[in-house]
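One file, start.cif, is given below (mmCIF, C-alpha atoms).
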data_target
#
loop_
_atom_site.label_atom_id
_atom_site.label_comp_id
_atom_site.auth_asym_id
_atom_site.auth_seq_id
_atom_site.Cartn_x
_atom_site.Cartn_y
_atom_site.Cartn_z
CA MET A 195 11.16 33.12 8.66
CA GLU A 196 8.63 31.85 6.16
CA ILE A 197 6.86 28.68 7.17
CA THR A 198 4.71 28.22 4.06
CA PRO A 199 5.28 28.95 0.38
CA ASP A 200 2.24 31.23 0.49
CA HIS A 201 4.38 34.22 1.38
CA ILE A 202 6.58 34.05 -1.69
CA ILE A 203 4.80 36.15 -4.30
CA TYR A 204 6.06 36.16 -7.87
CA TRP A 205 3.54 38.43 -9.50
CA GLN A 206 0.72 40.57 -8.24
CA SER A 207 -1.99 42.50 -10.00
CA GLY A 208 -4.62 43.99 -7.75
CA PHE A 209 -6.55 41.24 -6.03
CA PHE A 210 -4.74 38.42 -7.79
CA LYS A 211 -1.53 37.10 -6.34
CA LEU A 212 0.64 34.49 -8.00
CA ASN A 213 2.33 32.87 -5.02
CA ALA A 214 4.73 29.96 -4.82
CA THR A 215 1.97 27.54 -3.76
CA LEU A 216 0.13 28.08 -7.03
CA VAL A 217 3.28 27.94 -9.14
CA PHE A 218 4.46 24.68 -7.59
CA SER A 219 0.96 23.17 -7.84
CA TRP A 220 1.16 23.92 -11.55
CA VAL A 221 4.63 22.40 -11.71
CA THR A 222 3.26 19.24 -10.07
CA MET A 223 0.32 19.14 -12.45
CA LEU A 224 2.59 19.67 -15.45
CA VAL A 225 4.89 16.86 -14.34
CA LEU A 226 1.93 14.51 -13.89
CA VAL A 227 0.26 15.42 -17.19
CA PHE A 228 3.51 15.26 -19.12
CA MET A 229 4.44 11.89 -17.61
CA ALA A 230 0.97 10.48 -18.24
CA GLY A 231 0.97 11.65 -21.84
CA TRP A 232 4.49 10.42 -22.49
CA VAL A 233 4.06 7.00 -20.90
CA THR A 234 0.72 6.23 -22.55
CA ARG A 235 1.87 7.25 -26.04
CA HIS A 236 3.03 3.77 -27.03
CA LEU A 237 0.89 1.43 -24.99
CA ALA A 238 1.46 -2.21 -25.85
CA VAL A 239 0.30 -5.66 -24.89
CA GLY A 240 2.56 -8.66 -24.54
CA PRO A 241 5.57 -9.53 -22.44
CA ASP A 242 8.24 -8.35 -24.89
CA ARG A 243 6.67 -5.18 -26.16
CA ILE A 244 5.76 -3.41 -22.89
CA SER A 245 8.12 -0.52 -22.24
CA ARG A 246 9.77 0.00 -18.86
CA TRP A 247 7.75 3.11 -18.19
CA GLN A 248 4.51 1.31 -18.91
CA HIS A 249 5.61 -1.42 -16.54
CA GLY A 250 6.23 1.14 -13.81
CA VAL A 251 2.88 2.82 -14.26
CA GLU A 252 1.08 -0.53 -14.35
CA ILE A 253 2.72 -1.50 -11.06
CA ILE A 254 1.60 1.78 -9.46
CA VAL A 255 -1.97 1.48 -10.76
CA THR A 256 -2.27 -2.18 -9.75
CA ALA A 257 -0.90 -1.45 -6.29
CA MET A 258 -3.35 1.44 -5.83
CA ARG A 259 -6.24 -0.71 -7.05
CA ASP A 260 -5.36 -3.51 -4.62
CA GLN A 261 -4.95 -1.12 -1.70
CA ILE A 262 -8.29 0.59 -2.43
CA GLY A 263 -9.98 -2.79 -2.79
CA ASP A 264 -8.54 -3.92 0.55
CA ALA A 265 -9.51 -0.72 2.36
CA SER A 266 -13.05 -0.50 1.00
CA ARG A 267 -13.73 -4.26 0.67
CA GLN A 268 -15.51 -3.68 -2.63
CA ASP A 269 -14.76 -3.15 -6.29
CA ALA A 270 -12.02 -0.53 -6.59
CA ARG A 271 -12.96 0.70 -10.07
CA PRO A 272 -15.28 3.60 -9.14
CA PHE A 273 -12.77 5.03 -6.65
CA LEU A 274 -9.52 4.51 -8.54
CA PRO A 275 -9.62 7.80 -10.52
CA PHE A 276 -10.35 9.97 -7.47
CA ILE A 277 -8.21 8.27 -4.81
CA GLY A 278 -5.43 7.54 -7.31
CA THR A 279 -5.29 11.18 -8.37
CA LEU A 280 -5.12 12.31 -4.76
CA PHE A 281 -2.27 9.91 -4.04
CA LEU A 282 -0.31 10.72 -7.19
CA PHE A 283 -0.72 14.47 -6.73
CA ILE A 284 0.40 14.50 -3.10
CA ALA A 285 3.24 12.03 -3.72
CA THR A 286 4.53 14.02 -6.71
CA ALA A 287 4.15 17.29 -4.83
CA ASN A 288 6.25 15.92 -1.98
CA ILE A 289 8.83 14.29 -4.23
CA ILE A 290 9.59 17.41 -6.29
CA GLU A 291 10.63 19.04 -3.02
CA ILE A 292 14.05 17.38 -3.16
CA ILE A 293 14.89 19.33 -6.32
CA PRO A 294 16.63 22.49 -5.08
CA GLY A 295 14.50 25.58 -5.53
CA LEU A 296 11.23 23.71 -5.69
CA MET A 297 8.90 23.49 -2.72
CA SER A 298 6.03 21.18 -1.98
CA PRO A 299 2.65 22.90 -2.47
CA ALA A 300 1.37 20.57 0.27
CA ALA A 301 3.35 22.68 2.76
CA SER A 302 0.63 25.31 2.39
CA LEU A 303 -2.64 24.99 4.26
CA SER A 304 -4.60 26.24 1.24
CA THR A 305 -3.52 23.28 -0.92
CA THR A 306 -4.23 20.67 1.74
CA LEU A 307 -7.56 22.29 2.62
CA ALA A 308 -8.54 22.20 -1.07
CA LEU A 309 -7.66 18.49 -1.24
CA ALA A 310 -9.59 17.80 1.96
CA LEU A 311 -12.59 19.70 0.55
CA CYS A 312 -12.50 17.37 -2.46
CA VAL A 313 -12.81 14.45 -0.01
CA PHE A 314 -15.52 16.31 1.91
CA ILE A 315 -17.56 16.59 -1.28
CA ALA A 316 -16.75 13.09 -2.47
CA VAL A 317 -18.01 11.37 0.71
CA PRO A 318 -21.71 12.31 0.27
CA LEU A 319 -21.46 11.93 -3.52
CA PHE A 320 -20.32 8.31 -3.31
CA GLY A 321 -22.65 7.71 -0.36
CA ILE A 322 -25.72 8.98 -2.20
CA GLN A 323 -24.68 7.09 -5.31
CA SER A 324 -24.60 3.80 -3.44
CA LEU A 325 -27.38 4.26 -0.84
CA GLY A 326 -29.73 6.79 -2.41
CA TRP A 327 -30.73 10.15 -0.92
CA GLY A 328 -33.06 8.84 1.76
CA ARG A 329 -30.83 6.23 3.29
CA TYR A 330 -27.73 8.42 3.08
CA LEU A 331 -29.36 11.39 4.81
CA GLN A 332 -30.89 9.03 7.34
CA HIS A 333 -27.49 8.15 8.73
CA TYR A 334 -27.11 11.69 10.04
CA ILE A 335 -29.92 11.04 12.52
CA GLU A 336 -28.58 7.67 13.61
CA PRO A 337 -29.01 6.40 16.30
CA THR A 338 -31.31 9.25 17.42
CA PRO A 339 -32.11 12.69 15.93
CA VAL A 340 -30.36 14.21 18.97
CA MET A 341 -27.08 13.15 17.38
CA LEU A 342 -27.62 15.27 14.25
CA PRO A 343 -25.33 18.19 15.23
CA PHE A 344 -22.62 15.82 16.46
CA ASN A 345 -22.70 13.83 13.23
CA LEU A 346 -22.36 17.07 11.27
CA ILE A 347 -19.49 18.22 13.48
CA SER A 348 -17.70 14.90 13.09
CA GLU A 349 -18.03 15.15 9.30
CA LEU A 350 -16.59 18.66 9.33
CA SER A 351 -13.86 18.06 11.89
CA ARG A 352 -12.38 15.06 10.15
CA THR A 353 -12.09 17.12 6.96
CA ILE A 354 -10.18 19.81 8.85
CA ALA A 355 -8.10 17.14 10.57
CA LEU A 356 -7.22 15.63 7.19
CA ALA A 357 -6.04 19.02 5.93
CA ILE A 358 -4.07 19.97 9.05
CA ARG A 359 -2.41 16.56 9.29
CA LEU A 360 -0.97 16.74 5.77
CA PHE A 361 -0.04 20.41 6.14
CA GLY A 362 1.65 19.88 9.51
CA ASN A 363 3.63 16.87 8.36
CA VAL A 364 4.93 18.38 5.13
CA MET A 365 5.55 21.79 6.67
CA SER A 366 7.42 20.31 9.64
CA THR A 367 9.66 18.21 7.40
CA SER A 368 10.59 21.09 5.11
CA LEU A 369 11.08 23.39 8.10
CA LEU A 370 13.35 20.81 9.74
CA VAL A 371 15.51 20.53 6.62
CA ALA A 372 15.68 24.33 6.34
CA ILE A 373 16.73 24.73 9.97
CA LEU A 374 19.31 21.95 9.71
CA LEU A 375 20.75 23.44 6.52
CA SER A 376 21.36 26.69 8.35
CA ILE A 377 23.08 25.19 11.40
CA VAL A 378 24.99 22.05 10.29
CA PRO A 379 27.11 21.12 7.26
CA LEU A 380 25.59 19.53 4.19
CA PHE A 381 25.64 15.82 4.95
CA PHE A 382 23.06 15.58 7.73
CA PRO A 383 20.41 17.65 5.91
CA VAL A 384 20.78 15.27 2.95
CA VAL A 385 19.91 12.36 5.24
CA MET A 386 16.98 14.35 6.59
CA GLN A 387 15.83 15.01 3.03
CA ALA A 388 15.82 11.28 2.32
CA PHE A 389 13.73 10.92 5.46
CA GLY A 390 11.48 13.71 4.19
CA LEU A 391 11.01 11.79 0.94
CA LEU A 392 9.81 8.77 2.92
CA VAL A 393 7.52 10.91 5.07
CA GLY A 394 6.07 12.61 2.01
CA VAL A 395 5.15 9.36 0.29
CA ILE A 396 3.77 7.84 3.52
CA GLN A 397 1.65 10.94 4.07
CA ALA A 398 0.31 10.69 0.52
CA TYR A 399 -0.55 7.04 1.23
CA VAL A 400 -2.18 7.90 4.55
CA PHE A 401 -4.19 10.71 3.00
CA ALA A 402 -5.45 8.44 0.22
CA ILE A 403 -6.28 5.57 2.57
CA LEU A 404 -8.07 7.86 5.03
CA ALA A 405 -10.08 9.38 2.18
CA MET A 406 -11.02 5.86 1.12
CA VAL A 407 -11.97 4.89 4.67
CA TYR A 408 -14.18 7.99 5.01
CA ILE A 409 -15.87 7.34 1.67
CA ALA A 410 -16.39 3.67 2.50
CA SER A 411 -17.84 4.56 5.91
CA GLY A 412 -20.24 6.99 4.23
CA MET A 413 -21.35 4.25 1.85
CA ARG A 414 -21.66 1.43 4.31
CA ARG A 415 -23.19 2.74 7.48
CA GLN A 416 -26.56 1.18 6.81
CA GLN A 417 -25.12 -2.04 5.50
CA ALA A 418 -23.03 -2.81 8.58
CA LYS A 419 -25.44 -5.38 9.94
CA THR A 420 -25.97 -7.20 6.65
CA ASP A 421 -22.19 -7.14 6.03
CA ALA A 422 -21.54 -8.75 9.39
CA ALA A 423 -24.15 -11.41 8.62
CA ASP A 424 -22.60 -11.98 5.17
CA ALA A 425 -19.14 -12.31 6.70
CA THR A 426 -20.37 -14.92 9.17
CA VAL A 427 -22.02 -16.90 6.39
CA ALA A 428 -18.92 -16.60 4.19
CA SER A 429 -16.55 -17.73 6.95
CA GLU A 430 -18.80 -20.65 7.77
CA GLY A 431 -18.88 -21.52 4.08
CA GLN A 432 -15.08 -21.46 3.89
CA ALA A 433 -14.71 -23.59 6.99
CA MET B 248 14.17 41.47 33.83
CA GLU B 249 13.29 45.06 34.59
CA ASN B 250 13.85 46.09 31.00
CA LEU B 251 11.17 43.78 29.66
CA THR B 252 8.27 45.67 28.19
CA GLU B 253 4.79 44.25 27.80
CA LEU B 254 5.73 43.16 24.29
CA GLY B 255 8.78 41.40 25.67
CA TRP B 256 6.66 39.50 28.18
CA ILE B 257 4.37 38.36 25.39
CA GLY B 258 7.40 37.04 23.52
CA VAL B 259 8.77 35.23 26.56
CA ILE B 260 5.44 33.65 27.44
CA SER B 261 4.74 32.69 23.83
CA ILE B 262 8.06 30.93 23.40
CA MET B 263 7.80 29.15 26.75
CA THR B 264 4.25 28.07 25.95
CA ALA B 265 5.36 26.85 22.53
CA GLY B 266 8.06 24.74 24.14
CA LEU B 267 5.63 23.37 26.72
CA THR B 268 3.02 22.65 24.06
CA ILE B 269 5.33 20.66 21.84
CA SER B 270 7.01 18.81 24.71
CA ILE B 271 3.80 17.68 26.40
CA GLY B 272 2.15 17.17 23.03
CA ALA B 273 4.96 14.93 21.82
CA ILE B 274 5.15 12.64 24.85
CA ALA B 275 1.63 11.22 24.81
CA PRO B 276 1.43 10.44 21.08
CA ALA B 277 4.91 8.93 21.25
CA ILE B 278 3.79 6.52 23.97
CA GLY B 279 0.61 5.77 22.07
CA GLU B 280 2.43 5.14 18.82
CA GLY B 281 4.95 2.94 20.60
CA LEU B 282 2.16 0.82 22.08
CA ALA B 283 0.38 0.56 18.74
CA LEU B 284 3.60 -0.39 16.96
CA ALA B 285 4.47 -3.01 19.57
CA ARG B 286 1.06 -4.62 19.28
CA ALA B 287 1.19 -4.52 15.48
CA LEU B 288 4.62 -6.18 15.45
CA GLY B 289 3.32 -8.84 17.82
CA ALA B 290 0.36 -9.43 15.52
CA LEU B 291 2.68 -9.58 12.50
CA ALA B 292 4.85 -12.18 14.20
CA GLN B 293 1.79 -14.29 14.97
CA GLN B 294 0.05 -13.88 11.62
CA PRO B 295 2.52 -13.04 8.83
CA ASP B 296 -0.19 -13.81 6.26
CA GLU B 297 -2.23 -10.84 7.40
CA ALA B 298 0.73 -8.48 6.92
CA ASN B 299 -1.10 -6.24 4.43
CA THR B 300 -4.14 -5.63 6.58
CA ILE B 301 -2.12 -5.16 9.76
CA THR B 302 0.31 -2.75 8.12
CA ARG B 303 -2.46 -0.68 6.56
CA THR B 304 -4.44 -0.48 9.77
CA LEU B 305 -1.25 0.38 11.64
CA PHE B 306 -0.49 3.25 9.26
CA VAL B 307 -4.00 4.65 9.51
CA GLY B 308 -3.93 4.33 13.30
CA LEU B 309 -0.49 5.91 13.54
CA ALA B 310 -1.69 8.78 11.36
CA LEU B 311 -4.65 9.38 13.62
CA VAL B 312 -2.53 9.23 16.78
CA GLU B 313 0.09 11.40 15.18
CA SER B 314 -2.40 14.12 14.34
CA THR B 315 -2.57 15.14 18.01
CA ALA B 316 1.18 15.74 17.94
CA ILE B 317 0.77 17.63 14.67
CA TYR B 318 -1.87 19.88 16.21
CA CYS B 319 0.53 20.71 19.04
CA PHE B 320 3.24 21.42 16.48
CA VAL B 321 0.96 23.73 14.50
CA VAL B 322 -0.07 25.54 17.68
CA SER B 323 3.54 26.06 18.72
CA MET B 324 4.41 27.28 15.21
CA ILE B 325 1.53 29.75 15.42
CA LEU B 326 2.76 30.92 18.84
CA ILE B 327 6.26 31.53 17.52
CA PHE B 328 5.76 32.75 13.95
CA ALA B 329 2.21 34.02 13.72
CA ASN B 330 1.35 35.06 17.24
CA PRO B 331 -1.97 36.93 17.09
CA PHE B 332 -1.38 38.79 20.38
CA TRP B 333 2.05 39.88 19.21
CA ASN B 334 0.61 41.49 16.07
CA TYR B 335 -2.23 43.06 18.08
CA PHE B 336 0.13 44.69 20.55
CA ILE B 337 2.50 45.91 17.85
CA GLU B 338 -0.50 47.54 16.17
CA GLN B 339 -1.51 49.08 19.50
CA ALA B 340 1.99 50.39 20.06
CA GLY B 341 2.24 51.74 16.52
CA GLY B 342 -1.22 53.31 16.66
CA GLY B 343 -0.77 54.76 20.15
#
Kindly transcribe the structure held in the file into structure tokens.
Amino acid sequence: MEITPDHIIYWQSGFFKLNATLVFSWVTMLVLVFMAGWVTRHLAVGPDRISRWQHGVEIIVTAMRDQIGDASRQDARPFLPFIGTLFLFIATANIIEIIPGLMSPAASLSTTLALALCVFIAVPLFGIQSLGWGRYLQHYIEPTPVMLPFNLISELSRTIALAIRLFGNVMSTSLLVAILLSIVPLFFPVVMQAFGLLVGVIQAYVFAILAMVYIASGMRRQQAKTDAADATVASEGQA
Amino acid sequence: MENLTELGWIGVISIMTAGLTISIGAIAPAIGEGLALARALGALAQQPDEANTITRTLFVGLALVESTAIYCFVVSMILIFANPFWNYFIEQAGGG
């Protein structure tokens, strides 16, 4: 029994293998690019002239911007392209799974590890951008230099945890549907697939929010004290 | 049970361990998630205005709690479908 799409190989030439994970990643990317191109072809302003598709996309983008702003407690604009892409990619990858014959590339550990590596690289990038080299690297030896290896391990382990969480969730859902399809009649697996749709979107949301939380924690470690002071002043001001 | 070879014993132990792993590994996160959900619902009932923050924090917390269950699931899947000892002993048997 195959538990990931990695084992389905469509084409092979020497070292290079074209497996189902790659093909369905490309399908996901094609769907996203095609949709983006098609929706943004006739952008309009004004209540009567906005198309339905533009409305839909605007709702998604606004919702993502608000969620990122809430999670990071700062301006969402620098993070929207990265976090939004992560969310849209994972959500689309999990949604195309309900089309028979297609599988979610997120059911393969290689895809989720690649996504988690993107987050792993993005955390120091955003951190250095906001704090500068010195103050960012300094947080690795906080509170004492003895903690250096543990800080490094925590950075690495949460990346791996991010990858395994998404992989495990998507793989377990698709495996569950496959097992149910083989032992019970059609109706119950259909219900499970609807459940899988929900799980897929929630996992995309969780992945994006966790990525945002990690990035924000990398940017804010030094500012924690001043933030707390600001919050106290602000709440006193409001009162 | 006399007919079981060494390979058979590895299979039996792997499957039993997989069952144990997922059963123990599912109980604790389930209790934890239940507690977290109960507290979050209580907080929602008291402060409906903070629904967004509470829901988001709940999801992130549930995801973190859930990951322990997911690790157990992955381990049991490895034990059943990709057992390293299984492959090693098949190689030994084939080679010897």
Write out as a tab-separated table a residue-level contact list of chain B versus chain A with cut-off 7 Å: for each qualifying residue the closest pair of atoms and the distance in Å to one decimal, counting all atoms listed in the file, rows sorted by chain and residue number upward.
residue	atom	partner	partner_atom	distance
B:Phe306	CA	A:Val400	CA	6.8
B:Val307	CA	A:Val400	CA	6.2
B:Ala310	CA	A:Val400	CA	6.9
B:Ser314	CA	A:Arg359	CA	5.6
B:Ile317	CA	A:Gly362	CA	5.7
B:Val321	CA	A:Gly362	CA	6.3
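For the pair atom CA of A:Leu391 and atom CA of A:Leu311, the interatomic distance is 24.9 Å.
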note = Using only C-alpha atoms, the best pick from B:Leu267, B:Val312, B:Ile301, B:Ile260 as closest to B:Glu280 would be B:Val312
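Near A:Val395, within 9 Å and counting only C-alpha atoms, sit Phe281, Ile284, Ala285, Thr286, Asn288, Ile289, Gly390, Leu391, Tyr399 and Val400 of chain A; same-chain residues fewer than 4 positions away were not included.
In this structure, atom CA of A:Leu369 sits 19.7 Å away from atom CA of B:Thr264.
Going from atom CA of B:Pro331 to atom CA of B:Gly258 covers 11.4 Å.
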Taking all atoms of stretch 322-337 of chain B that the file lists, what box with edges along x, y and z, padded by 5 Å per side, do you get, with centre and edge lengths in Å to one decimal, as AutoDock Vina command-line options?
--center_x 2.0 --center_y 35.7 --center_z 17.1 --size_x 18.5 --size_y 30.4 --size_z 16.8
task = Can you turn the PyMOL selection byres ((chain A and resi 271) around 12) into a concrete residue list for this file, as a ChimeraX atom specification?
result = /A:255-256,258-263,266-270,272-278
request  = Pull out every residue that the PyMOL selection byres ((chain B and resi 253-255) around 10) matches in the shown coordinates and put them as a VMD selection string.
outcome  = chain B and resid 248 250 to 252 256 to 261 332 to 334 336 to 337 340
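Nearest to B:Phe328 of all the residues B:Ile262, B:Ala285, B:Ala298, B:Leu311 is B:Ile262, counting all atoms listed in the file.
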